[in-house]
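Undergrad: One structure, as structure tokens, below. Some questions next.
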Amino acid sequence: MPAKKHKELKYKDLLPSINLRKLNIKSSEQVEPCTNIISQERAIKAIKLGLKVKSRGYNIFVTGLTGTGRSTTIKHLLEELDTKEPSLNDVCYVNNFKDPDQPIALIFEAGEGRAFKKSIDLMINTLRKSIPKIFNSEDYKNRRNRIAADFEARQKQLLQDFERKMNEAGFVMLQFQVGTGVRNELQPLVDGEPASIDKLERLAAEGKFPKERLTELQQNREKLRREMSTVEVESKKMLEKLEDALEKLDYSLIAPLISDKINVLKKKFPEEKIVNYLNDFEQALLGDLDRFKEVRPRRGEEEPPPFRKKEPFEEFAVNLILDNAATKKAPVVIEHAPGYRNLFGTLERVVDRFGYWRTDFSRIKAGSLLHASGGFLVVNALDLFTEPGSWPTLKRTLTSGTLNISGYDPFYMMAGSALQPEPIPVNVKVVLIGERHIYSVLYNYEEDFKKIFKIKADFDHVMQLNDCHVKEYVAFVKKVTDSENLIPFDAGALEEVIAFGSRLAGRKTKLTTRFTNIADIIRESAFCAMEKHRKMVRRADVREAIDAKIDRIRMIEDKIQEMFDEDILMVQTSGKAVGQINGLSVYDTGEHSFGRPAKITVRTSVGRAGLINIEREADLSGPTHNKGVLVLSGFLRGKFARKKPIVMSASICFEQSYSGIDGDSASSTEVYGILSSVAGIPINQGIAVTGSVNQYGEIQPIGGVNQKVEGFFDVCKAKKLTGRQGVIVPIQNVPELQLRDDVVEAVKAGKFHIYPVTTIDEGVEILTGLPAGKELRGGGFTRGSVYDKVTRALDNLAKQYRASHGDEKKEKENEKNNEDSKPRKPKKKAAKRGRR
């Protein structure tokens with residue numbers, strides 16, 4: 001009883017439903033280049049919300065596949081954002097005269113920071129020119145000389161009085177060289193010559209000098225010493241008074257000049273913090289007026305090289321680290337290298353004249369986070385998390401709203417700096433662009449992430465294939481060709497590009513939004529056309545570009561195909577066999593995926609082991625594949641064991657598979673193999689099968705259907721097409737079929753067939769040519785059907801099992817009877833023991 005003929009797909013069912021004629025599009029020249037974002041309405045709505053809400057924490061994490069236009073969309077939306085009058089600031093770091101290790105941050109409105117720096121620089125330059133002129137003026141020199149002369153006269157008088165007393169006492173002052181210094185010593189005159197007290201003591205001991213005279217000289221020397229000490233103290237006091245007098249002179253002449261200029265700045269910048277800094281600035285300037293005088297190296301010192309000279313007014317400089325004077329809109333900073341230094345700034349170190357590393361407020365450098373303050377910072381999430389220290393610091397900054405600039409040296413290559421700049425308030429909107437799994441990890445395991453990234457913008461990788469989106473695709477082609485000076489595309493080429501986008505989307509009714517891949521094909525197609533000196537890209541050029549792209553990355557596929565061609569991988573594509581069937585698998589190399597058949601075999605025998613998954617026993621089976629085997633076990637029990645148990649041992653194996661296997665797309669294939677092996681019904685080896693099954697025998701959709709169909713077609717073509725070869729696929733996967741032209745042509749010529757099925761019953765009939773069988777009310781299935789033969793075979797296996805089990809029982813009983821019939825030896829009685 002032959003099975004009924006099942007529907008197979010016609011070649012028209014495999015053709016793409018893309019027709020630009022109904023849209024009156026003959027080439028890309030007819031349309032305007034696209035200027036907006038294609039699709040992604042949900043993501044755009046989320047991004048706009050995040051950009052416009054000013055509250056803290058409304059930063060944005062953009063997710064989606066690479067190439068879906070995430071970065072382009074962000075740039076486009078930020079450019080369109082209406083921020084004509086942004087609230088921006090300038091930031092300056094200045095010296096803290098009270099504690100130089102804690103530089104002060106001065107915040108100005110945009111443009112005022114540059115004006116403040118310019119004013120300070122101008123004031124310092126003016127003072128450096130005008131004050132030395134005062135010091136070099138004749139009036140200043142005369143007044144200074146008069147003061148110095150007065151003090152010199154008094155000092156001279158003091159020394160002359162002491163010298164007179166010394167001469168009256170008969171002493172002279174001698175100077176002796178001691179090392180690099182000079183020592184003064186008082187010695188009496190004896191016979192007109194100076195003599196040391198030590199020498200006179202020796203002479204007195206020898207009786208050559210009167211002891212009374214020696215005692216008198218010693219007393220006079222001590223008295224003179226005390227007076228000399230008094231003179232030295234008075235002389236030092238006079239010098240101090242002289243210095244004070246000269247400083248007062250300098251102060252009286254210079255202070256009004258400096259104060260006037262500082263007061264002008266106070267009126268120009270009246271903020272309290274700036275005024276306090278200017279007060280300290282003034283005191284520091286007036287506290288060391290000698291810096292305005294020419295400084296020369298001391299005796300014995302060499303003049304340091306220019307790069308190691310210390311600028312005398314360095315501490316009065318203004319370090320403008322953020323200048324928004326020319327910024328008219330909210331700043332948009334896209335940081336491509338989000339290292340710690342680039343994001344948050346750093347403290348630069350220089351070598352001083354002594355060879356030591358040093359830093360100060362003038363070496364503070366801003367990063368992109370501060371440059372984006374008042375605007376937006378766009379960062380790639382993966383780049384951010386691969387940079388040490390960047391994420392924790394960004395998290396702290398967004399949480400606190402303040403930025404701490406410090407040096408980052410994770411390997412301690414240089415000694416740390418004690419410099420602690422004052423934190424700067426920042427108001428920045430951060431946009432992270434990353435994959436979905438990064439967002440998922442952060443959301444689930446990083447508590448603070450939920451608080452600082454409240455907006456998720458998810459970019460879809462597909463969109464509906466409709467007239468509107470088709471027009472946008474054509475406009476995108478126009479945009480790429482115009483921006484890169486490429487030749488235009490005709491209608492056929494445009495249809496082929498759209499078909500390529502549909503195949504990437506994985507469904508006829510969808511288009512991919514990974515426009516990076518589409519742009520690559522546009523460029524390569526144009527190159528193929530220009531190589532042929534054409535003025536317009538045709539359909540053949542696009543196909544050539546797609547084929548060339550695949551050919552560049554399909555070396556592994558070719559190597560595996562060679563193994564099929566040489567029968568190293570043994571697969572039958574014609575004839576019939578029992579317990580053997582061709583499944584379909586997908587190989588994925590990352591950049592390229594392709595399908596090839598896999599031989600699945602089933603062997604059944606008497607026993608109660610049930611289904612034995614050899615892949616699982618060998619630890620080569622993944623959890624999804626294991627689940628598929630358990631599901632098909634449920635189908636078999638529901639079909640054949642509702643009133644009696646299945647007594648069978650069946651082993652399932654993917655032949656010549658030596659690596660891991662996962663997925664349940666072969667579960668229906670395994671069902672067919674089991675039914676064939678149990679009932680002894682041969683299966684058509686020219687038909688491969690893919691599709692998962694549930695416990696009710698319904699076929700479920702699978703992934704990679706195009707690769708699987710094309711892979712089996714390639715093997716059949718290599719082994720010669722017979723016209724009876726084809727593939728069984730789930731009917732739900734039919735909208736995903738977008739096959740190569742050679743496969744479609746083979747279907748059109750009747751050399752290759754594609755059968756969509758919804759149940760196991762349909763697949764059984766296609767593979768065996770017999771009816772699957774209907775369940776009868778009284779039990780069993782239609783006589784002569786596949787299920788009827790399976791039922792009878794299972795009954796036979798059960799009988800064989802019971803028979804073999806019964807024989808074993810009889811053998812055990814016979815062995816027991818034989819043991820009982822043997823004469824037994826009498827048991828020895830134990831001797832009685834008396835009591836003690």
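Ordering of the structure tokens sets the chain letters (A, B, ...), residue numbers begin anew at 1 in every chain, and ligands are numbered from 1 in the order given.
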Would you list the contacts of Asn613 of chain A as JSON, numbers by chain, taking every protein, DNA or RNA residue within 8 Å and counting only C-alpha atoms, but skipping same-chain residues closer than 4 positions in sequence?
TA: {"A": [617, 626, 629, 651, 652, 653]}
Undergrad: Take the residues from that selection and put them in a file with N, CA, C and O atoms, as a PDB file, in the first residue's frame.
TA:
ATOM      1  N   GLU A 617      26.999   8.887  26.062  1.00  0.00           N
ATOM      2  CA  GLU A 617      27.850   7.947  26.787  1.00  0.00           C
ATOM      3  C   GLU A 617      29.324   8.284  26.598  1.00  0.00           C
ATOM      4  O   GLU A 617      30.142   8.007  27.476  1.00  0.00           O
ATOM      5  N   ASN A 626      20.851  16.069  24.377  1.00  0.00           N
ATOM      6  CA  ASN A 626      20.355  15.072  25.340  1.00  0.00           C
ATOM      7  C   ASN A 626      18.852  15.241  25.562  1.00  0.00           C
ATOM      8  O   ASN A 626      18.105  14.262  25.640  1.00  0.00           O
ATOM      9  N   VAL A 629      16.867  13.714  22.694  1.00  0.00           N
ATOM     10  CA  VAL A 629      16.745  12.252  22.773  1.00  0.00           C
ATOM     11  C   VAL A 629      15.676  11.867  23.785  1.00  0.00           C
ATOM     12  O   VAL A 629      14.881  10.941  23.565  1.00  0.00           O
ATOM     13  N   SER A 651      20.525   1.683  20.098  1.00  0.00           N
ATOM     14  CA  SER A 651      21.645   2.625  20.195  1.00  0.00           C
ATOM     15  C   SER A 651      21.614   3.569  19.001  1.00  0.00           C
ATOM     16  O   SER A 651      21.414   3.145  17.861  1.00  0.00           O
ATOM     17  N   ILE A 652      21.808   4.881  19.285  1.00  0.00           N
ATOM     18  CA  ILE A 652      21.794   5.919  18.253  1.00  0.00           C
ATOM     19  C   ILE A 652      23.187   6.529  18.176  1.00  0.00           C
ATOM     20  O   ILE A 652      23.783   6.878  19.209  1.00  0.00           O
ATOM     21  N   CYS A 653      23.695   6.690  16.967  1.00  0.00           N
ATOM     22  CA  CYS A 653      25.069   7.199  16.817  1.00  0.00           C
ATOM     23  C   CYS A 653      25.174   8.145  15.629  1.00  0.00           C
ATOM     24  O   CYS A 653      24.629   7.880  14.547  1.00  0.00           O
TER      25      CYS A 653
END
Undergrad: Neighbours of Thr402 of chain A within 8 Å (only C-alpha atoms; same-chain residues fewer than 4 positions away dropped), as a PyMOL selection string?
TA: chain A and resi 397-398+423-426
Undergrad: Please indicate the distance in Å from atom CA of Tyr277 of chain A to atom CA of Glu311 of chain A, rounded to one decimal place.
TA: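 Here the two named atoms are 20.4 Å from each other.
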Undergrad: Could you pull the residues within 12 Å of segment 325-327 of chain A, counting only C-alpha atoms, minus those fewer than 2 positions along the same chain, as a PyMOL selection string?
TA: chain A and resi 83-91+108-116+320+322-323+329-332+371-375
Undergrad: Would you mind exporting C-alpha atoms of the selected residues as an mmCIF file, in the first residue's frame?
TA:
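Written out: part.cif:
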data_model
loop_
_atom_site.group_PDB
_atom_site.id
_atom_site.type_symbol
_atom_site.label_atom_id
_atom_site.label_comp_id
_atom_site.auth_asym_id
_atom_site.auth_seq_id
_atom_site.Cartn_x
_atom_site.Cartn_y
_atom_site.Cartn_z
ATOM 1 C CA THR A 83 21.263 72.689 22.851
ATOM 2 C CA LYS A 84 21.797 76.172 21.433
ATOM 3 C CA GLU A 85 22.540 77.745 24.812
ATOM 4 C CA PRO A 86 24.258 75.086 26.886
ATOM 5 C CA SER A 87 25.307 75.829 30.457
ATOM 6 C CA LEU A 88 29.052 75.334 30.153
ATOM 7 C CA ASN A 89 31.933 76.186 32.464
ATOM 8 C CA ASP A 90 35.656 76.775 32.313
ATOM 9 C CA VAL A 91 37.902 75.133 34.885
ATOM 10 C CA PHE A 108 34.077 80.090 35.645
ATOM 11 C CA GLU A 109 31.336 80.559 33.117
ATOM 12 C CA ALA A 110 32.326 79.638 29.577
ATOM 13 C CA GLY A 111 34.916 82.110 28.283
ATOM 14 C CA GLU A 112 35.739 83.686 31.660
ATOM 15 C CA GLY A 113 38.414 81.120 32.431
ATOM 16 C CA ARG A 114 40.438 82.202 29.446
ATOM 17 C CA ALA A 115 39.903 85.867 30.410
ATOM 18 C CA PHE A 116 41.074 85.167 33.977
ATOM 19 C CA LEU A 320 43.295 76.405 32.272
ATOM 20 C CA LEU A 322 38.874 73.280 30.392
ATOM 21 C CA ASP A 323 38.218 76.110 27.949
ATOM 22 C CA LYS A 329 26.664 73.756 21.542
ATOM 23 C CA ALA A 330 26.809 71.016 24.122
ATOM 24 C CA PRO A 331 30.119 69.197 23.628
ATOM 25 C CA VAL A 332 30.019 65.686 22.176
ATOM 26 C CA HIS A 371 35.942 67.997 28.212
ATOM 27 C CA ALA A 372 32.451 66.494 27.838
ATOM 28 C CA SER A 373 31.129 68.216 30.974
ATOM 29 C CA GLY A 374 27.849 69.897 30.161
ATOM 30 C CA GLY A 375 27.463 67.590 27.164
#
Undergrad: Taking the backbone alone, and naming residues the way the document does, which bits of segment 388-535 of chain A are strand (DSSP E or B) by DSSP, as a ChimeraX atom specification?
TA: /A:402-403,424-425,429-434,453,455-458,462-464,489-490,510-512
Undergrad: Just the alpha helix (DSSP H) stuff from segment 553-763 of chain A, please, per backbone DSSP, written as a ChimeraX atom specification.
TA: /A:555-565,614-617,623-640,667-679,705-719,741-748,760-763
Undergrad: Pick out the residues sitting within 10 Å of Leu65 of chain A, and hand them over as a list in words; count only C-alpha atoms, and ignore anything fewer than 3 positions along from it in its own chain.
TA: Thr68, Gly69, Arg70, Gly434, Glu435, Arg436, Asp458, Phe459, Asp460, His461, Thr513 and Arg514 of chain A
Undergrad: Output N, CA, C and O atoms for every residue in that selection, as a tab-separated table (two decimals), in the first residue's frame.
TA:
chain	number	residue	atom	x	y	z
A	68	THR	N	24.75	47.49	13.42
A	68	THR	CA	23.33	47.86	13.33
A	68	THR	C	23.13	49.37	13.37
A	68	THR	O	22.00	49.83	13.47
A	69	GLY	N	24.21	50.13	13.34
A	69	GLY	CA	24.09	51.58	13.29
A	69	GLY	C	24.02	52.24	14.64
A	69	GLY	O	23.53	53.36	14.77
A	70	ARG	N	24.55	51.58	15.69
A	70	ARG	CA	24.47	52.16	17.03
A	70	ARG	C	25.25	53.47	17.12
A	70	ARG	O	24.72	54.50	17.54
A	434	GLY	N	27.60	48.75	23.69
A	434	GLY	CA	28.15	47.42	23.91
A	434	GLY	C	27.18	46.32	23.52
A	434	GLY	O	26.05	46.58	23.08
A	435	GLU	N	27.62	45.09	23.69
A	435	GLU	CA	26.80	43.93	23.37
A	435	GLU	C	25.80	43.66	24.49
A	435	GLU	O	25.96	44.12	25.62
A	436	ARG	N	24.79	42.86	24.18
A	436	ARG	CA	23.73	42.57	25.16
A	436	ARG	C	24.27	41.79	26.35
A	436	ARG	O	23.82	41.99	27.48
A	458	ASP	N	17.94	49.36	22.97
A	458	ASP	CA	18.24	48.07	22.34
A	458	ASP	C	18.02	48.18	20.83
A	458	ASP	O	16.90	48.43	20.37
A	459	PHE	N	19.09	47.99	20.07
A	459	PHE	CA	19.01	48.05	18.61
A	459	PHE	C	18.67	46.67	18.06
A	459	PHE	O	19.35	45.68	18.34
A	460	ASP	N	17.61	46.62	17.26
A	460	ASP	CA	17.20	45.37	16.63
A	460	ASP	C	18.09	45.10	15.43
A	460	ASP	O	18.50	46.03	14.73
A	461	HIS	N	18.37	43.81	15.17
A	461	HIS	CA	19.23	43.46	14.04
A	461	HIS	C	18.42	43.15	12.78
A	461	HIS	O	19.00	42.89	11.73
A	513	THR	N	19.43	44.88	9.67
A	513	THR	CA	19.80	46.28	9.95
A	513	THR	C	21.29	46.40	10.23
A	513	THR	O	21.74	47.45	10.70
A	514	ARG	N	22.03	45.36	9.93
A	514	ARG	CA	23.50	45.41	10.07
A	514	ARG	C	24.07	46.03	8.79
A	514	ARG	O	24.59	45.35	7.91
Undergrad: From the options A:Val318, A:Glu566, A:Ser71, A:Arg538, which residue's atoms come nearest to Thr516 of chain A, counting only C-alpha atoms?
TA: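 So, comparing all the options, the nearest one is A:Ser71.
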Undergrad: Using only C-alpha atoms, find the one residue out of A:Phe640, A:Phe449, A:Phe489, A:Tyr696 that sits nearest to Gly779 of chain A.
TA: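 Under the stated criterion, the closest residue is A:Phe640.
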Undergrad: Set the distance at 9 Å and use only C-alpha atoms: which residues neighbour segment 75-79 of chain A once local chain neighbours fewer than 6 positions away are removed? I'd like the list as a compact mmCIF listing (two decimals) with all heavy atoms, in the first residue's frame.
TA:
# COMPACT_ATOMS: atom_id res chain seq x y z
N ASN A 36 18.39 59.93 7.48
CA ASN A 36 17.85 59.58 8.80
C ASN A 36 18.27 58.16 9.17
O ASN A 36 18.92 57.45 8.41
CB ASN A 36 16.32 59.69 8.79
CG ASN A 36 15.70 58.76 7.74
OD1 ASN A 36 16.35 58.44 6.74
ND2 ASN A 36 14.48 58.34 7.96
N ILE A 37 17.90 57.77 10.38
CA ILE A 37 18.19 56.43 10.86
C ILE A 37 17.12 55.48 10.36
O ILE A 37 15.92 55.74 10.51
CB ILE A 37 18.25 56.41 12.40
CG1 ILE A 37 19.25 57.46 12.90
CG2 ILE A 37 18.63 55.03 12.90
CD1 ILE A 37 20.65 57.28 12.38
N ILE A 44 15.62 54.60 19.27
CA ILE A 44 15.71 56.05 19.14
C ILE A 44 14.87 56.74 20.21
O ILE A 44 15.29 57.74 20.81
CB ILE A 44 15.25 56.48 17.73
CG1 ILE A 44 16.27 56.00 16.70
CG2 ILE A 44 15.07 57.99 17.65
CD1 ILE A 44 15.84 56.23 15.27
N ILE A 47 16.78 56.55 23.48
CA ILE A 47 17.95 57.44 23.48
C ILE A 47 17.51 58.89 23.67
O ILE A 47 18.13 59.64 24.44
CB ILE A 47 18.75 57.27 22.18
CG1 ILE A 47 19.39 55.87 22.12
CG2 ILE A 47 19.84 58.33 22.08
CD1 ILE A 47 20.02 55.54 20.79
N LYS A 48 16.47 59.29 22.99
CA LYS A 48 15.99 60.67 23.14
C LYS A 48 15.57 60.96 24.57
O LYS A 48 15.82 62.05 25.09
CB LYS A 48 14.83 60.91 22.18
CG LYS A 48 15.25 61.04 20.72
CD LYS A 48 14.07 61.37 19.82
CE LYS A 48 14.51 61.58 18.38
NZ LYS A 48 13.37 61.88 17.48
N LEU A 51 18.73 61.38 26.63
CA LEU A 51 19.46 62.61 26.33
C LEU A 51 18.78 63.85 26.89
O LEU A 51 19.45 64.83 27.26
CB LEU A 51 19.63 62.76 24.83
CG LEU A 51 20.50 61.70 24.12
CD1 LEU A 51 20.54 61.98 22.62
CD2 LEU A 51 21.90 61.66 24.69
N ALA A 330 26.36 71.99 23.12
CA ALA A 330 26.81 71.02 24.12
C ALA A 330 27.90 70.13 23.52
O ALA A 330 27.73 69.61 22.42
CB ALA A 330 25.64 70.15 24.59
N VAL A 332 30.19 67.12 22.41
CA VAL A 332 30.02 65.69 22.18
C VAL A 332 31.41 65.10 21.98
O VAL A 332 32.09 65.39 21.00
CB VAL A 332 29.15 65.41 20.94
CG1 VAL A 332 29.04 63.91 20.69
CG2 VAL A 332 27.77 66.03 21.11
N ILE A 334 33.62 61.67 21.64
CA ILE A 334 33.63 60.23 21.37
C ILE A 334 35.03 59.72 21.68
O ILE A 334 35.98 60.03 20.96
CB ILE A 334 33.23 59.94 19.91
CG1 ILE A 334 31.83 60.49 19.63
CG2 ILE A 334 33.28 58.45 19.62
CD1 ILE A 334 31.39 60.35 18.20
N PHE A 376 28.02 65.42 26.31
CA PHE A 376 27.85 63.97 26.18
C PHE A 376 29.19 63.31 25.89
O PHE A 376 30.01 63.82 25.13
CB PHE A 376 26.87 63.66 25.05
CG PHE A 376 25.58 64.44 25.15
CD1 PHE A 376 25.43 65.66 24.49
CD2 PHE A 376 24.54 63.97 25.93
CE1 PHE A 376 24.26 66.39 24.60
CE2 PHE A 376 23.37 64.69 26.05
CZ PHE A 376 23.23 65.90 25.38
N VAL A 378 30.66 59.56 24.65
CA VAL A 378 30.32 58.28 24.02
C VAL A 378 31.53 57.36 24.10
O VAL A 378 32.63 57.73 23.66
CB VAL A 378 29.89 58.47 22.55
CG1 VAL A 378 29.46 57.14 21.95
CG2 VAL A 378 28.76 59.49 22.46
Undergrad: Could you check which of A:Pro488, A:Gly703, A:Pro16, A:Gly170 is closest to Arg740 of chain A, using only C-alpha atoms?
TA: A:Pro16
Undergrad: Counting only C-alpha atoms, which of A:Gln187, A:Ala540, A:Ser368, A:Arg42 gets nearest to Gln175 of chain A?
TA: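 So, comparing all the options, the nearest one is A:Gln187.
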Undergrad: Can you tell me which residues surround Glu544 of chain A at a distance of at most 12 Å, considering only C-alpha atoms, apart from same-chain residues fewer than 3 positions away, and format the answer as an MDAnalysis selection string?
TA: chainID A and resid 493 496:497 521:522 524:529 531 537:541 547:551
Undergrad: Which residues are close to Gly407 of chain A, i.e. within 12 Å by only C-alpha atoms, leaving aside same-chain residues fewer than 6 positions away? Reply as a ChimeraX atom specification.
TA: /A:340-349,359-360,363-367,389,413-421
Undergrad: Write to file, as a PDB file, in the first residue's frame, the residues of the selection just made, with N, CA and C atoms.
TA:
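The resulting selection-v1.pdb:
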ATOM      1  N   TYR A 340      42.607  55.182  31.435  1.00  0.00           N
ATOM      2  CA  TYR A 340      42.424  56.038  32.610  1.00  0.00           C
ATOM      3  C   TYR A 340      42.881  57.463  32.329  1.00  0.00           C
ATOM      4  N   ARG A 341      44.053  57.615  31.736  1.00  0.00           N
ATOM      5  CA  ARG A 341      44.604  58.948  31.465  1.00  0.00           C
ATOM      6  C   ARG A 341      43.723  59.716  30.499  1.00  0.00           C
ATOM      7  N   ASN A 342      43.279  59.053  29.421  1.00  0.00           N
ATOM      8  CA  ASN A 342      42.468  59.743  28.417  1.00  0.00           C
ATOM      9  C   ASN A 342      41.097  60.143  28.958  1.00  0.00           C
ATOM     10  N   LEU A 343      40.523  59.307  29.822  1.00  0.00           N
ATOM     11  CA  LEU A 343      39.182  59.591  30.336  1.00  0.00           C
ATOM     12  C   LEU A 343      39.182  60.624  31.446  1.00  0.00           C
ATOM     13  N   PHE A 344      40.060  60.454  32.420  1.00  0.00           N
ATOM     14  CA  PHE A 344      39.960  61.246  33.655  1.00  0.00           C
ATOM     15  C   PHE A 344      41.079  62.264  33.824  1.00  0.00           C
ATOM     16  N   GLY A 345      42.034  62.287  32.912  1.00  0.00           N
ATOM     17  CA  GLY A 345      43.145  63.210  33.070  1.00  0.00           C
ATOM     18  C   GLY A 345      44.251  62.601  33.897  1.00  0.00           C
ATOM     19  N   THR A 346      45.292  63.394  34.138  1.00  0.00           N
ATOM     20  CA  THR A 346      46.443  62.852  34.861  1.00  0.00           C
ATOM     21  C   THR A 346      47.257  63.980  35.472  1.00  0.00           C
ATOM     22  N   LEU A 347      48.233  63.584  36.268  1.00  0.00           N
ATOM     23  CA  LEU A 347      49.221  64.513  36.824  1.00  0.00           C
ATOM     24  C   LEU A 347      50.551  64.203  36.145  1.00  0.00           C
ATOM     25  N   GLU A 348      50.977  65.077  35.262  1.00  0.00           N
ATOM     26  CA  GLU A 348      52.228  64.834  34.566  1.00  0.00           C
ATOM     27  C   GLU A 348      53.406  65.050  35.514  1.00  0.00           C
ATOM     28  N   ARG A 349      54.460  64.307  35.302  1.00  0.00           N
ATOM     29  CA  ARG A 349      55.677  64.436  36.116  1.00  0.00           C
ATOM     30  C   ARG A 349      56.821  64.900  35.233  1.00  0.00           C
ATOM     31  N   THR A 359      55.851  67.105  40.415  1.00  0.00           N
ATOM     32  CA  THR A 359      54.662  67.605  39.737  1.00  0.00           C
ATOM     33  C   THR A 359      54.049  68.716  40.572  1.00  0.00           C
ATOM     34  N   ASP A 360      53.201  69.512  39.964  1.00  0.00           N
ATOM     35  CA  ASP A 360      52.515  70.582  40.684  1.00  0.00           C
ATOM     36  C   ASP A 360      51.214  70.881  39.955  1.00  0.00           C
ATOM     37  N   ARG A 363      50.838  70.953  36.183  1.00  0.00           N
ATOM     38  CA  ARG A 363      50.969  69.708  35.407  1.00  0.00           C
ATOM     39  C   ARG A 363      49.679  68.895  35.402  1.00  0.00           C
ATOM     40  N   ILE A 364      48.607  69.458  35.917  1.00  0.00           N
ATOM     41  CA  ILE A 364      47.320  68.752  35.906  1.00  0.00           C
ATOM     42  C   ILE A 364      46.731  68.840  34.503  1.00  0.00           C
ATOM     43  N   LYS A 365      46.364  67.688  33.951  1.00  0.00           N
ATOM     44  CA  LYS A 365      45.808  67.619  32.607  1.00  0.00           C
ATOM     45  C   LYS A 365      44.402  67.026  32.657  1.00  0.00           C
ATOM     46  N   ALA A 366      43.503  67.588  31.860  1.00  0.00           N
ATOM     47  CA  ALA A 366      42.111  67.123  31.826  1.00  0.00           C
ATOM     48  C   ALA A 366      41.962  65.954  30.861  1.00  0.00           C
ATOM     49  N   GLY A 367      40.930  65.130  31.110  1.00  0.00           N
ATOM     50  CA  GLY A 367      40.591  64.022  30.228  1.00  0.00           C
ATOM     51  C   GLY A 367      39.291  64.289  29.492  1.00  0.00           C
ATOM     52  N   GLY A 389      41.224  50.144  35.732  1.00  0.00           N
ATOM     53  CA  GLY A 389      40.899  51.318  36.540  1.00  0.00           C
ATOM     54  C   GLY A 389      39.847  52.238  35.963  1.00  0.00           C
ATOM     55  N   MET A 413      55.603  52.183  38.940  1.00  0.00           N
ATOM     56  CA  MET A 413      56.890  52.402  38.287  1.00  0.00           C
ATOM     57  C   MET A 413      57.578  53.651  38.825  1.00  0.00           C
ATOM     58  N   MET A 414      56.775  54.614  39.309  1.00  0.00           N
ATOM     59  CA  MET A 414      57.333  55.839  39.878  1.00  0.00           C
ATOM     60  C   MET A 414      56.677  56.093  41.229  1.00  0.00           C
ATOM     61  N   ALA A 415      57.400  56.805  42.060  1.00  0.00           N
ATOM     62  CA  ALA A 415      56.852  57.109  43.382  1.00  0.00           C
ATOM     63  C   ALA A 415      55.581  57.926  43.248  1.00  0.00           C
ATOM     64  N   GLY A 416      54.617  57.637  44.075  1.00  0.00           N
ATOM     65  CA  GLY A 416      53.348  58.336  44.012  1.00  0.00           C
ATOM     66  C   GLY A 416      53.480  59.796  44.409  1.00  0.00           C
ATOM     67  N   SER A 417      52.584  60.618  43.914  1.00  0.00           N
ATOM     68  CA  SER A 417      52.606  62.043  44.213  1.00  0.00           C
ATOM     69  C   SER A 417      51.638  62.339  45.352  1.00  0.00           C
ATOM     70  N   ALA A 418      52.057  63.301  46.220  1.00  0.00           N
ATOM     71  CA  ALA A 418      51.181  63.716  47.322  1.00  0.00           C
ATOM     72  C   ALA A 418      50.171  64.750  46.874  1.00  0.00           C
ATOM     73  N   LEU A 419      50.236  65.153  45.602  1.00  0.00           N
ATOM     74  CA  LEU A 419      49.336  66.180  45.084  1.00  0.00           C
ATOM     75  C   LEU A 419      47.902  65.656  45.052  1.00  0.00           C
ATOM     76  N   GLN A 420      46.993  66.433  45.656  1.00  0.00           N
ATOM     77  CA  GLN A 420      45.572  66.075  45.690  1.00  0.00           C
ATOM     78  C   GLN A 420      44.751  67.276  45.216  1.00  0.00           C
ATOM     79  N   PRO A 421      44.545  67.384  43.910  1.00  0.00           N
ATOM     80  CA  PRO A 421      43.769  68.523  43.387  1.00  0.00           C
ATOM     81  C   PRO A 421      42.341  68.507  43.916  1.00  0.00           C
TER      82      PRO A 421
END
Undergrad: My list of candidates is A:Cys92, A:Lys451, A:Ser406, A:Leu369. Which is closest to Asn427 of chain A when distances are computed with only C-alpha atoms?
TA: A:Leu369
Undergrad: Enter the distance from atom CA of Leu20 of chain A to atom CA of Glu8 of chain A, in Å, rounded to one decimal.
TA: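 One can read the atom CA of Leu20 of chain A to atom CA of Glu8 of chain A distance as 28.5 Å.
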Undergrad: Have a look at atom CA of Ile498 of chain A and atom CA of Val462 of chain A and let me know their distance in Å, one decimal.
TA: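 Between atom CA of Ile498 of chain A and atom CA of Val462 of chain A the gap works out to 12.6 Å.
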Undergrad: For Val571 of chain A, which residue among A:Ile687, A:Met530, A:Val53, A:Ile614 is the nearest when counting only C-alpha atoms?
TA: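 Among A:Ile687, A:Met530, A:Val53, A:Ile614, it is A:Ile687 that comes nearest to Val571 of chain A.
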